[in-house]
2 protein chains.
Amino acid sequence: MTLPPPSVSLVPTDRAARARERERLIEATAEIAREMLERDLDPAPLPAEARDAEGLAASLELAPGVEGLALEAVLERLRAALATTPTSSSWRFVNQLFGGRVAVATAAEALAAIPNISMYTFKAAGAQVLIERELLLRMAERVGLAGAEGCFTPGGSIANLVALLLARNAAAPEARERGLAGAALTVYTSAEGHYSVRKNAGVLGLGRERVRLVPVDARGRMDVEALARRLSEDRARGLRPVLVNATAGTTVRGAFDPLREVAAVAREHGVRMHVDGAFGGSLALSSSRRHLLDGAELADSFSWDPHKMMGVTLQCSVLLVARRGELAASLDESADYLYQADDDDLNPGHRSIQCGRRNDALKLWAAWLRLGDRGWDARLERQLALAARAAELVAADPALRLLEPPMSINVCFEVRRRSSAAICEKLDREGRLKIGHGIVAGRRAIRLVCVNPDLEERDLAAILAEVKAAAAGLPEADDRAAAEES
Amino acid sequence: MTLPPPSVSLVPTDRAARARERERLIEATAEIAREMLERDLDPAPLPAEARDAEGLAASLELAPGVEGLALEAVLERLRAALATTPTSSSWRFVNQLFGGRVAVATAAEALAAIPNISMYTFKAAGAQVLIERELLLRMAERVGLAGAEGCFTPGGSIANLVALLLARNAAAPEARERGLAGAALTVYTSAEGHYSVRKNAGVLGLGRERVRLVPVDARGRMDVEALARRLSEDRARGLRPVLVNATAGTTVRGAFDPLREVAAVAREHGVRMHVDGAFGGSLALSSSRRHLLDGAELADSFSWDPHKMMGVTLQCSVLLVARRGELAASLDESADYLYQADDDDLNPGHRSIQCGRRNDALKLWAAWLRLGDRGWDARLERQLALAARAAELVAADPALRLLEPPMSINVCFEVRRRSSAAICEKLDREGRLKIGHGIVAGRRAIRLVCVNPDLEERDLAAILAEVKAAAAGLPEADDRAAAEES
C-alpha cells in the first residue's frame with residue numbers, strides 16, 4: 001500500500017504550495033475584512049439584485065463544480081456573495097436584537113477557528129474550557145446566582161429548551177428514563193414572551209397546548225395576579241405546573257416581567273422560575289438598569305445571550321442553573337470514548353445538550369478584557385441613551401407617533417396614517433433599511449432596536465428620514481386600518 | 001436628553017480611534033493566525049503547564065477587570081491563551097473525528113463573522129440563505145435523497161435529536177400539541193451507535209430505556225437479524241417502534257451498518273429509518289467508498305457533519321429529511337415579528353430548532369468551490385489511504401497489535417501487554433499526543449483517527465513512535481488485563 005502523494009489529495013500540490021495558499025488567504029481575508037468594515041461606516045443601500053432571490057442565486061454562480069476553482073476565483077465568489085449580504089453593524093440594519101460589534105470579539109472569533117477545538121473536554125480544549133468556566137462564574141454572580149453552574153448553548157431558544165427540560169425532569173423524575181406518561185404538566189409565560197417556550201414544549205413532549213400565555217399589563221409585563229389565578233385554576237383541575245418563564249426583555253417591546261413578584265407567586269405554588277434574559281440579561285452589567293433584573297437571584301435558571309446587547313458575534317448564549325448537578329442529571333451520558341481524563345468539572349460536555357461544541361467563549365472573554373465592567377456599563381448606557389434619544393425624535397415629529405416610552409432599547413412607533421408593515425416591506429425591498437414591526441398594545445408598530453452603540457444622532461435621524469420617505473410613497477389609511485394591516 | 005458622547009461608551013474615543021483599533025486588529029489577527037498555522041506544521045509538545053488546569057487558570061489571568069485593558073494587553077492575553085490551547089490540525093492531535101482543515105473554509109469562517117447575520121430569514125441573511133439552500137440540495141442529491149429538505153444544526157447530536165423528534169411526531173401526531181401520553185414508543189440503534197440516540201430519547205420524553213441497543217456483528221455493524229427479532233418482540237408486547245437509527249461511521253471503529261438491509265427490516269415493520277452519517281456521511285463524495293452508503297436513499301432522514309471528514313471549521317452539521325414539510329410541521333412557530341417577508345422556502349427559520357442561527361454554510365461553500373467534487377474525492381481517498389497505511393505500519397510492528405483492518409479511517413490497535421488507557425493518559429499528560437481509546441470487540445484499544453489528510457507517512461511514524469515510547473515507561477500487564485483496564 002503506497003500513500004497517494006499529497007498532490008493527489010489537495011488542490012495545492014505540496015507543502016510549499018500550501019504555504020503560499022495560506023499566506024495569500026491571510027492577506028486576502030484581511031483585505032476583504034477591511035473592505036466590509038469600511039462599508040459599514042458609510043453604507044450604501046443594498047443593490048436591487050440583492051432582494052431578487054432567484055436572480056441573485058443565478059448571478060452568484062452558487063453551484064460548485066466537478067473540478068475545483070483556483071484560489072483567486074474562489075475569493076472573487078466569496079467577495080461577490082458577501083457584497084450582497086446584509087450586514088448587521090451599519091445604521092441600515094436595525095431589524096434584530098443584535099447589531100454592532102466589539103471589534104476585538106470579532107477578531108477572537110476568527111482566531112478561535114484556527115485551533116478549532118471542541119468544548120467537551122479539558123483534554124481537547126485546554127485553556128478554552130477554563131475561559132468558559134471563568135465567564136460562567138462571573139455571569140452567574142452578576143445575575144445574583146453566585147455558585148450556579150452553566151453551559152454555553154447554540155442560541156437562546158436552546159437555552160430555554162434546556163431550562164424547560166430541567167423543570168420537566170424535576171417535576172417528573174421518571175421522564176428521562178422511562179418517558180413521559182401523560183402527566184398533565186403545564187408551563188406559564190407572558191403573552192409577549194418568546195415563541196421558543198411553546199416550541200420547546202412541543203419538542204420536549206409536554207405539548208404546546210400546555211403553555212399558558214399569561215396576559216400582560218399596559219407596559220407589556222406579565223400580569224402577576226393573572227399568573228396566580230391561572231396557576232390556582234390549573235392546580236384545582238389536577239394539572240401540574242412545572243415552570244413559570246419570566247421574560248427579561250421581551251422581543252418586541254423590550255419589557256421586563258417583575259421578577260421578584262413572579263418568583264413569589266411561583267414559590268407559593270411550588271413551581272420553578274426560569275428567567276428568559278436572552279435579550280435583556282445583559283442589563284445585569286448596567287448600573288442604571290440592574291434593577292430591572294431585581295429578583296433574578298430567585299430564579300432556578302437564567303438565559304443570557306451576549307450575542308445580543310453585548311456585541312459579540314453570533315452565537316454566544318449562556319444558560320445558568322442555580323443548583324449544581326442539574327444539567328448533568330438531565331443531559332449526561334457516560335461516553336466512554338470521550339471522557340477519558342479529568343474531573344467532570346473540567347469536562348463541560350457532561351453539562352451540554354450538544355456533543356461536539358464550538359468555542360463561543362473566547363470572543364466574549366476578549367471583549368470583557370477590553371471593556372472591563374465599566375466598559376460594559378458605559379456601552380449599555382449608550383444603547384439606552386440612543387433609544388431614549390430616538391424616542392424623543394419620534395415624539396417631536398408630528399408625522400410620527402411614539403407608542404410608548406422605551407422600556408429598554410426598543411423604540412416602537414408609527415408613521416401616522418400609514419401601514420407599519422408596508423413601510424418596513426418597502427424599505428427592505430428597496431435595500432434602504434432593514435427594520436421590522438410588531439404588535440404593541442394591539443397596534444402594529446415599527447420596531448427600532450437601538451442595539452448598536454456606534455450609531456450616532458445623525459444615524460437615528462437618517463433612519464427616521466428613510467422611514468418617512470418610504471411612508472410618503474404609500475397610500476393613506478385611516479388610523480385603525482394602518483395599525484391593523486400586516 | 002443628550003446622548004453620552006461615544007467617548008463614554010466605547011474604549012476607543014472616536015471614529016478615528018476606532019478606525020485605528022480596527023486596523024491594528026486586522027493586522028494582529030493576521031499575525032497571530034500566521035503564528036498558529038506555522039506552529040501546526042512542526043508542533044512542539046504542549047508545555048506541562050497546559051495540563052495543570054488550576055495552575056494554567058492562574059497564569060492566564062482569566063478574570064476581566066473593572067477597568068478595561070489596552071488593546072495590546074488584550075492581544076497578549078489572547079496570544080497566551082491560544083499558545084496553550086490544543087490545536088486540531090497538527091499530527092499531535094488524532095483524538096477526535098475532526099482534524100485538519102481546508103484553508104479557504106477557515107478564511108470564510110472568519111469572514112462570515114463580519115456581516116454577522118442570523119440565518120432565519122432571507123430578509124436578514126440574503127445571499128447566505130441561497131448558499132445554504134444550494135448546499136442542502138447538493139448534499140441531499142449526493143446521499144440519494146434528491147428533493148429532500150434540510151437544515152443546518154449545531155452539531156450531529158442535535159441533528160439526530162431533530163430526526164428523532166420527526167419520527168416521534170409521525171408516530172404520535174398529537175404529541176406536539178397535546179403532549180406525550182404514555183404511548184410506549186421504542187427506538188433502535190446499534191450497541192456501537194452514538195450516545196446521542198439515548199440522550200435524545202431522554203430529552204424528547206420517549207425515555208432512555210426505550211432505546212434498544214441492537215447487537216453488532218464481528219465488524220461492529222448492526223446485526224440485522226437481531227434488529228428484526230427485537231422489533232417483532234417489541235411489537236408483540238404492544239410497544240410501538242418509531243425509529244431505527246442506522247449508523248454510517250461508528251465513533252470508535254468507523255463501521256457502517258448495512259443500510260439497505262436495515263431499511264428493508266424497518267419498512268417491513270412500518271418503522272422509519274434515520275441514518276446517522278455525522279461521521280461517515282462524507283463518504284457520499286468518495287468514488288471508492290460510496291457503496292458503504294448504499295441504501296441511504298431509503299432513509300427518512302440523514303445526518304451529516306462536514307466539520308468531521310471534510311475539514312470545515314466546527315460547527316457544520318446538516319440534517320436532511322426525505323419528505324418536505326416535516327421539519328416545519330414539528331418546529332415552525334408563527335413568529336409574527338420575525339417572518340415578515342418572502343416565501344417560507346426562503347426563510348429557513350421555519351425549519352430550524354433554533355431561532356437565531358449562525359452562518360455555517362459560507363465556509364462549506366468556499367471549500368466546495370475550491371475543491372470541486374473531484375477534490376473532495378481525492379481528499380477522502382488520502383484519508384482512507386492514511387488509515388490503510390497506518391494499519392500496515394501497525395501490523396508490521398511486532399510490539400503492536402492491529403485489532404482489525406480499518407473499516408474507514410479509524411485504526412484501532414494496542415501495544416502488546418500495555419494498557420491502552422494508560423498510554424493515552426500518559427501521552428496527554430505529557431503534552432505529546434492527543435489520542436483516545438475505545439472498546440473493539442471487547443478489548444480496549446487505542447483509536448488513531450486518520451482524518452487530517454495533510455499528515456504524511458513520517459507523521460504516522462511519529463505518532464506510533466510516541467505511543468511506543470509512552471508504553472515503554474509503563475508496567476507490563478498480561479494480555480487480558482491490558483485490554484480491560486480503563
# chains A, B, ... in the order shown; residues from 1 in each chain; ligands from 1
>>> residues_around(residues="stretch 338-343 of chain B", least_positions_apart="6", cutoff="9 Å", atoms="only C-alpha atoms", output="PyMOL selection string")
(chain A and resi 96+421+424-425+428+436-438+486) or (chain B and resi 120-123+349-350)
>>> closest_atom_pairs(of="chain A", to="chain B", cutoff="6 Å", atoms="only C-alpha atoms", output="tab-separated table")
residue	atom	partner	partner_atom	distance
A:Leu3	CA	B:Ala385	CA	5.7
A:Ser9	CA	B:Arg379	CA	4.4
A:Ile26	CA	B:Ala30	CA	5.9
A:Ala30	CA	B:Ile26	CA	6.0
A:Pro64	CA	B:Leu369	CA	4.7
A:Gly65	CA	B:Gly372	CA	5.1
A:Val66	CA	B:Asp373	CA	4.5
A:Glu67	CA	B:Gly372	CA	4.5
A:Gly68	CA	B:Gly372	CA	3.8
A:Leu69	CA	B:Arg370	CA	4.9
A:Thr85	CA	B:Gly126	CA	5.2
A:Thr87	CA	B:Pro115	CA	4.0
A:Ser88	CA	B:Pro115	CA	5.8
A:Ala110	CA	B:Ala110	CA	4.5
A:Pro115	CA	B:Thr87	CA	4.0
A:Gly126	CA	B:Thr85	CA	5.2
A:Ala127	CA	B:Thr85	CA	5.4
A:Ser157	CA	B:Gln354	CA	5.8
A:Arg176	CA	B:Gly202	CA	4.3
A:Glu177	CA	B:Gly207	CA	4.5
A:Arg178	CA	B:Gly207	CA	4.4
A:Gly179	CA	B:Gly207	CA	3.7
A:Leu180	CA	B:Gly205	CA	5.1
A:Ala181	CA	B:Gly182	CA	3.7
A:Gly182	CA	B:Ala181	CA	3.7
A:Gly202	CA	B:Arg176	CA	4.3
A:Leu204	CA	B:Leu204	CA	4.5
A:Gly205	CA	B:Gly179	CA	4.8
A:Leu206	CA	B:Gly179	CA	4.3
A:Gly207	CA	B:Gly179	CA	3.7
A:Arg208	CA	B:Glu177	CA	4.7
A:Glu209	CA	B:Glu177	CA	5.4
A:Leu314	CA	B:Arg358	CA	5.6
A:Gln315	CA	B:Arg358	CA	6.0
A:Tyr337	CA	B:Gly438	CA	5.1
A:Gln354	CA	B:Ser157	CA	5.8
A:Arg358	CA	B:Leu314	CA	5.6
A:Trp368	CA	B:Pro64	CA	5.9
A:Leu369	CA	B:Pro64	CA	4.7
A:Arg370	CA	B:Gly68	CA	4.7
A:Leu371	CA	B:Gly68	CA	4.2
A:Gly372	CA	B:Gly68	CA	3.8
A:Asp373	CA	B:Val66	CA	4.5
A:Arg374	CA	B:Glu67	CA	5.8
A:Ala378	CA	B:Ser9	CA	4.6
A:Arg379	CA	B:Ser9	CA	4.4
A:Arg382	CA	B:Ser9	CA	5.6
A:Ala385	CA	B:Leu3	CA	5.7
A:His437	CA	B:Tyr337	CA	6.0
A:Gly438	CA	B:Tyr337	CA	5.0
>>> write_last_selection(atoms="C-alpha atoms", output="CSV table (one decimal), in the first residue's frame")
chain,number,residue,atom,x,y,z
A,3,LEU,CA,0.0,6.6,0.0
A,9,SER,CA,-5.3,14.8,-2.3
A,26,ILE,CA,-4.4,35.5,5.4
A,30,ALA,CA,-7.6,40.9,5.9
A,64,PRO,CA,-19.7,24.1,-7.0
A,65,GLY,CA,-18.2,22.3,-10.0
A,66,VAL,CA,-16.8,18.9,-10.6
A,67,GLU,CA,-13.4,20.4,-10.8
A,68,GLY,CA,-12.2,22.9,-8.1
A,69,LEU,CA,-11.5,26.5,-8.8
A,85,THR,CA,-25.2,40.0,2.1
A,87,THR,CA,-24.5,43.3,7.4
A,88,SER,CA,-25.7,43.9,11.0
A,110,ALA,CA,-11.6,34.5,13.8
A,115,PRO,CA,-7.1,25.7,16.8
A,126,GLY,CA,-7.5,23.0,27.3
A,127,ALA,CA,-7.3,26.7,28.3
A,157,SER,CA,-34.1,29.1,22.2
A,176,ARG,CA,-35.7,10.8,31.3
A,177,GLU,CA,-35.5,7.1,31.8
A,178,ARG,CA,-39.0,5.8,31.3
A,179,GLY,CA,-40.6,8.6,29.2
A,180,LEU,CA,-43.4,11.0,29.8
A,181,ALA,CA,-46.5,9.1,30.8
A,182,GLY,CA,-49.3,11.5,30.3
A,202,GLY,CA,-43.7,20.7,21.7
A,204,LEU,CA,-40.0,18.0,25.0
A,205,GLY,CA,-43.2,16.1,24.8
A,206,LEU,CA,-45.1,18.4,27.1
A,207,GLY,CA,-47.3,19.7,24.3
A,208,ARG,CA,-47.7,23.3,23.0
A,209,GLU,CA,-51.2,23.5,24.4
A,314,LEU,CA,-23.4,35.1,16.9
A,315,GLN,CA,-23.6,32.6,18.6
A,337,TYR,CA,-14.6,7.0,24.3
A,354,GLN,CA,-24.6,19.0,22.3
A,358,ARG,CA,-17.7,25.2,19.1
A,368,TRP,CA,-14.7,41.6,28.6
A,369,LEU,CA,-11.0,42.0,29.0
A,370,ARG,CA,-11.0,45.0,26.6
A,371,LEU,CA,-14.1,46.8,28.1
A,372,GLY,CA,-13.9,45.7,31.7
A,373,ASP,CA,-17.1,46.0,33.8
A,374,ARG,CA,-17.1,49.8,33.4
A,378,ALA,CA,-20.9,52.6,29.5
A,379,ARG,CA,-21.7,50.6,26.3
A,382,ARG,CA,-25.0,54.4,25.3
A,385,ALA,CA,-29.4,56.7,25.6
A,437,HIS,CA,-42.6,45.6,13.0
A,438,GLY,CA,-44.6,44.1,15.9
>>> atom_distance(atom1="atom CA of A:Leu393", atom2="atom CA of A:Gly277")
28.3 Å
>>> residues_around(residues="B:Val440", least_positions_apart="2", cutoff="9 Å", atoms="only C-alpha atoms", output="list in words")
Arg219, Gly220, Val252, Arg253, Leu403, Glu404, Cys412, Gly438, Gly442, Arg443, Arg444 and Ala445 of chain B
>>> write_last_selection(atoms="N, CA and C atoms", output="PDB file, in the first residue's frame")
ATOM      1  N   ARG B 219     -17.638  -7.120  12.873  1.00  0.00           N
ATOM      2  CA  ARG B 219     -17.014  -5.890  12.384  1.00  0.00           C
ATOM      3  C   ARG B 219     -17.690  -4.629  12.904  1.00  0.00           C
ATOM      4  N   GLY B 220     -18.584  -4.751  13.890  1.00  0.00           N
ATOM      5  CA  GLY B 220     -19.173  -3.568  14.501  1.00  0.00           C
ATOM      6  C   GLY B 220     -20.393  -3.029  13.768  1.00  0.00           C
ATOM      7  N   VAL B 252     -16.108   4.714  17.355  1.00  0.00           N
ATOM      8  CA  VAL B 252     -14.828   4.091  17.692  1.00  0.00           C
ATOM      9  C   VAL B 252     -14.227   3.376  16.478  1.00  0.00           C
ATOM     10  N   ARG B 253     -15.006   2.537  15.825  1.00  0.00           N
ATOM     11  CA  ARG B 253     -14.445   1.676  14.789  1.00  0.00           C
ATOM     12  C   ARG B 253     -14.643   2.192  13.375  1.00  0.00           C
ATOM     13  N   LEU B 403      -6.222  -4.363  15.782  1.00  0.00           N
ATOM     14  CA  LEU B 403      -7.439  -5.070  16.209  1.00  0.00           C
ATOM     15  C   LEU B 403      -8.252  -5.570  15.033  1.00  0.00           C
ATOM     16  N   GLU B 404      -8.252  -4.792  13.950  1.00  0.00           N
ATOM     17  CA  GLU B 404      -8.998  -5.195  12.753  1.00  0.00           C
ATOM     18  C   GLU B 404      -8.552  -4.285  11.628  1.00  0.00           C
ATOM     19  N   CYS B 412      -7.658   0.986  14.954  1.00  0.00           N
ATOM     20  CA  CYS B 412      -7.696   0.593  16.360  1.00  0.00           C
ATOM     21  C   CYS B 412      -6.613  -0.454  16.612  1.00  0.00           C
ATOM     22  N   GLY B 438     -10.942   3.180  22.868  1.00  0.00           N
ATOM     23  CA  GLY B 438     -12.321   2.705  22.882  1.00  0.00           C
ATOM     24  C   GLY B 438     -12.339   1.198  22.827  1.00  0.00           C
ATOM     25  N   GLY B 442     -14.699  -6.108  22.588  1.00  0.00           N
ATOM     26  CA  GLY B 442     -14.393  -6.484  23.961  1.00  0.00           C
ATOM     27  C   GLY B 442     -13.022  -6.087  24.463  1.00  0.00           C
ATOM     28  N   ARG B 443     -12.162  -5.618  23.574  1.00  0.00           N
ATOM     29  CA  ARG B 443     -10.819  -5.209  24.005  1.00  0.00           C
ATOM     30  C   ARG B 443     -10.683  -3.700  23.924  1.00  0.00           C
ATOM     31  N   ARG B 444     -10.044  -3.119  24.923  1.00  0.00           N
ATOM     32  CA  ARG B 444      -9.805  -1.681  24.902  1.00  0.00           C
ATOM     33  C   ARG B 444      -8.598  -1.392  24.018  1.00  0.00           C
ATOM     34  N   ALA B 445      -8.816  -0.580  23.000  1.00  0.00           N
ATOM     35  CA  ALA B 445      -7.773  -0.310  22.011  1.00  0.00           C
ATOM     36  C   ALA B 445      -7.554   1.191  21.861  1.00  0.00           C
TER      37      ALA B 445
END
>>> atom_distance(atom1="atom CA of A:Glu261", atom2="atom CA of A:Ala284")
18.1 Å
>>> select_by_dssp(residues="stretch 255-422 of chain A", states="alpha helix (DSSP H)", output="VMD selection string")
chain A and resid 259 to 268 326 to 331 362 to 395 420 to 422
>>> residues_around(residues="A:Ala465", least_positions_apart="2", cutoff="12 Å", atoms="only C-alpha atoms", output="list in words")
Arg92, Leu393, Val394, Asp397, Ala399, Leu400, Val415, Leu427, Arg432, Leu433, Arg458, Asp459, Leu460, Ala461, Ala462, Ile463, Val467, Lys468, Ala469, Ala470, Ala471 and Ala472 of chain A
>>> write_last_selection(atoms="C-alpha atoms", output="PDB file, in the first residue's frame")
ATOM      1  CA  ARG A  92     -29.138  50.441   7.811  1.00  0.00           C
ATOM      2  CA  LEU A 393     -37.011  62.472  17.945  1.00  0.00           C
ATOM      3  CA  VAL A 394     -40.133  60.444  17.224  1.00  0.00           C
ATOM      4  CA  ASP A 397     -42.169  64.774  14.925  1.00  0.00           C
ATOM      5  CA  ALA A 399     -45.773  62.821  11.350  1.00  0.00           C
ATOM      6  CA  LEU A 400     -44.824  60.083  13.797  1.00  0.00           C
ATOM      7  CA  VAL A 415     -45.978  56.882  10.837  1.00  0.00           C
ATOM      8  CA  LEU A 427     -37.633  49.738   2.919  1.00  0.00           C
ATOM      9  CA  ARG A 432     -32.571  51.075   2.146  1.00  0.00           C
ATOM     10  CA  LEU A 433     -33.179  49.829   5.678  1.00  0.00           C
ATOM     11  CA  ARG A 458     -27.285  61.620  12.727  1.00  0.00           C
ATOM     12  CA  ASP A 459     -27.812  57.893  12.123  1.00  0.00           C
ATOM     13  CA  LEU A 460     -31.041  57.964  14.112  1.00  0.00           C
ATOM     14  CA  ALA A 461     -32.126  60.937  12.030  1.00  0.00           C
ATOM     15  CA  ALA A 462     -31.213  59.070   8.839  1.00  0.00           C
ATOM     16  CA  ILE A 463     -33.242  56.038   9.937  1.00  0.00           C
ATOM     17  CA  VAL A 467     -38.953  55.574   7.259  1.00  0.00           C
ATOM     18  CA  LYS A 468     -40.775  58.794   6.428  1.00  0.00           C
ATOM     19  CA  ALA A 469     -39.615  58.785   2.815  1.00  0.00           C
ATOM     20  CA  ALA A 470     -40.893  55.236   2.380  1.00  0.00           C
ATOM     21  CA  ALA A 471     -44.191  56.157   4.049  1.00  0.00           C
ATOM     22  CA  ALA A 472     -44.663  59.154   1.769  1.00  0.00           C
TER      23      ALA A 472
END
>>> residues_around(residues="B:Ser420", least_positions_apart="2", cutoff="6 Å", atoms="only C-alpha atoms", output="list of chain:residue names")
B:Ala422, B:Ile423, B:Ala445, B:Ile446
>>> select_by_dssp(residues="stretch 129-353 of chain A", states="strand (DSSP E)", output="count of residues only")
38
>>> residues_around(residues="stretch 299-304 of chain B", least_positions_apart="3", cutoff="7 Å", atoms="only C-alpha atoms", output="short mmCIF file (atom, residue, chain, number, x, y, z; two decimals) with N, CA and C atoms, in the first residue's frame")
data_model
loop_
_atom_site.label_atom_id
_atom_site.label_comp_id
_atom_site.auth_asym_id
_atom_site.auth_seq_id
_atom_site.Cartn_x
_atom_site.Cartn_y
_atom_site.Cartn_z
N GLY B 156 -23.97 17.20 15.28
CA GLY B 156 -24.66 15.98 14.88
C GLY B 156 -25.65 15.48 15.92
N ALA B 159 -28.76 17.24 15.23
CA ALA B 159 -29.35 16.71 14.00
C ALA B 159 -30.10 15.41 14.31
N ASN B 160 -29.46 14.53 15.09
CA ASN B 160 -30.12 13.29 15.47
C ASN B 160 -31.35 13.55 16.34
N ALA B 163 -34.14 14.50 14.06
CA ALA B 163 -34.60 13.31 13.34
C ALA B 163 -35.52 12.46 14.21
N ARG B 272 -39.68 4.05 10.68
CA ARG B 272 -38.79 4.93 9.93
C ARG B 272 -37.33 4.54 10.12
N MET B 273 -36.51 4.94 9.15
CA MET B 273 -35.06 4.77 9.30
C MET B 273 -34.37 6.14 9.23
N HIS B 274 -33.56 6.42 10.24
CA HIS B 274 -32.67 7.57 10.20
C HIS B 274 -31.25 7.05 10.02
N VAL B 275 -30.47 7.73 9.19
CA VAL B 275 -29.06 7.36 9.08
C VAL B 275 -28.23 8.42 9.81
N ASP B 276 -27.52 7.99 10.82
CA ASP B 276 -26.58 8.88 11.49
C ASP B 276 -25.26 8.82 10.74
N GLY B 277 -25.13 9.73 9.77
CA GLY B 277 -23.90 9.82 9.00
C GLY B 277 -23.06 11.00 9.44
N ALA B 278 -23.20 11.38 10.71
CA ALA B 278 -22.44 12.53 11.21
C ALA B 278 -20.97 12.36 10.86
N PHE B 279 -20.46 11.17 11.10
CA PHE B 279 -19.05 10.90 10.81
C PHE B 279 -18.87 10.47 9.35
N GLY B 281 -21.00 10.21 6.70
CA GLY B 281 -21.83 10.69 5.59
C GLY B 281 -21.01 11.30 4.47
N SER B 282 -19.85 11.84 4.83
CA SER B 282 -19.00 12.47 3.81
C SER B 282 -18.56 11.48 2.74
N ALA B 296 -28.87 4.43 1.54
CA ALA B 296 -29.18 5.71 2.18
C ALA B 296 -30.38 6.38 1.53
N SER B 317 -22.97 21.09 10.50
CA SER B 317 -23.73 19.85 10.56
C SER B 317 -25.04 20.05 9.81
N VAL B 318 -25.47 18.98 9.18
CA VAL B 318 -26.69 19.07 8.37
C VAL B 318 -27.60 17.90 8.68
N LEU B 319 -28.90 18.18 8.71
CA LEU B 319 -29.90 17.11 8.73
C LEU B 319 -30.70 17.21 7.44
N LEU B 320 -30.78 16.10 6.72
CA LEU B 320 -31.60 16.02 5.51
C LEU B 320 -32.85 15.20 5.83
N VAL B 321 -33.97 15.63 5.29
CA VAL B 321 -35.25 14.98 5.60
C VAL B 321 -35.97 14.68 4.30
N ALA B 322 -36.29 13.40 4.11
CA ALA B 322 -36.79 12.95 2.81
C ALA B 322 -38.08 13.65 2.39
#
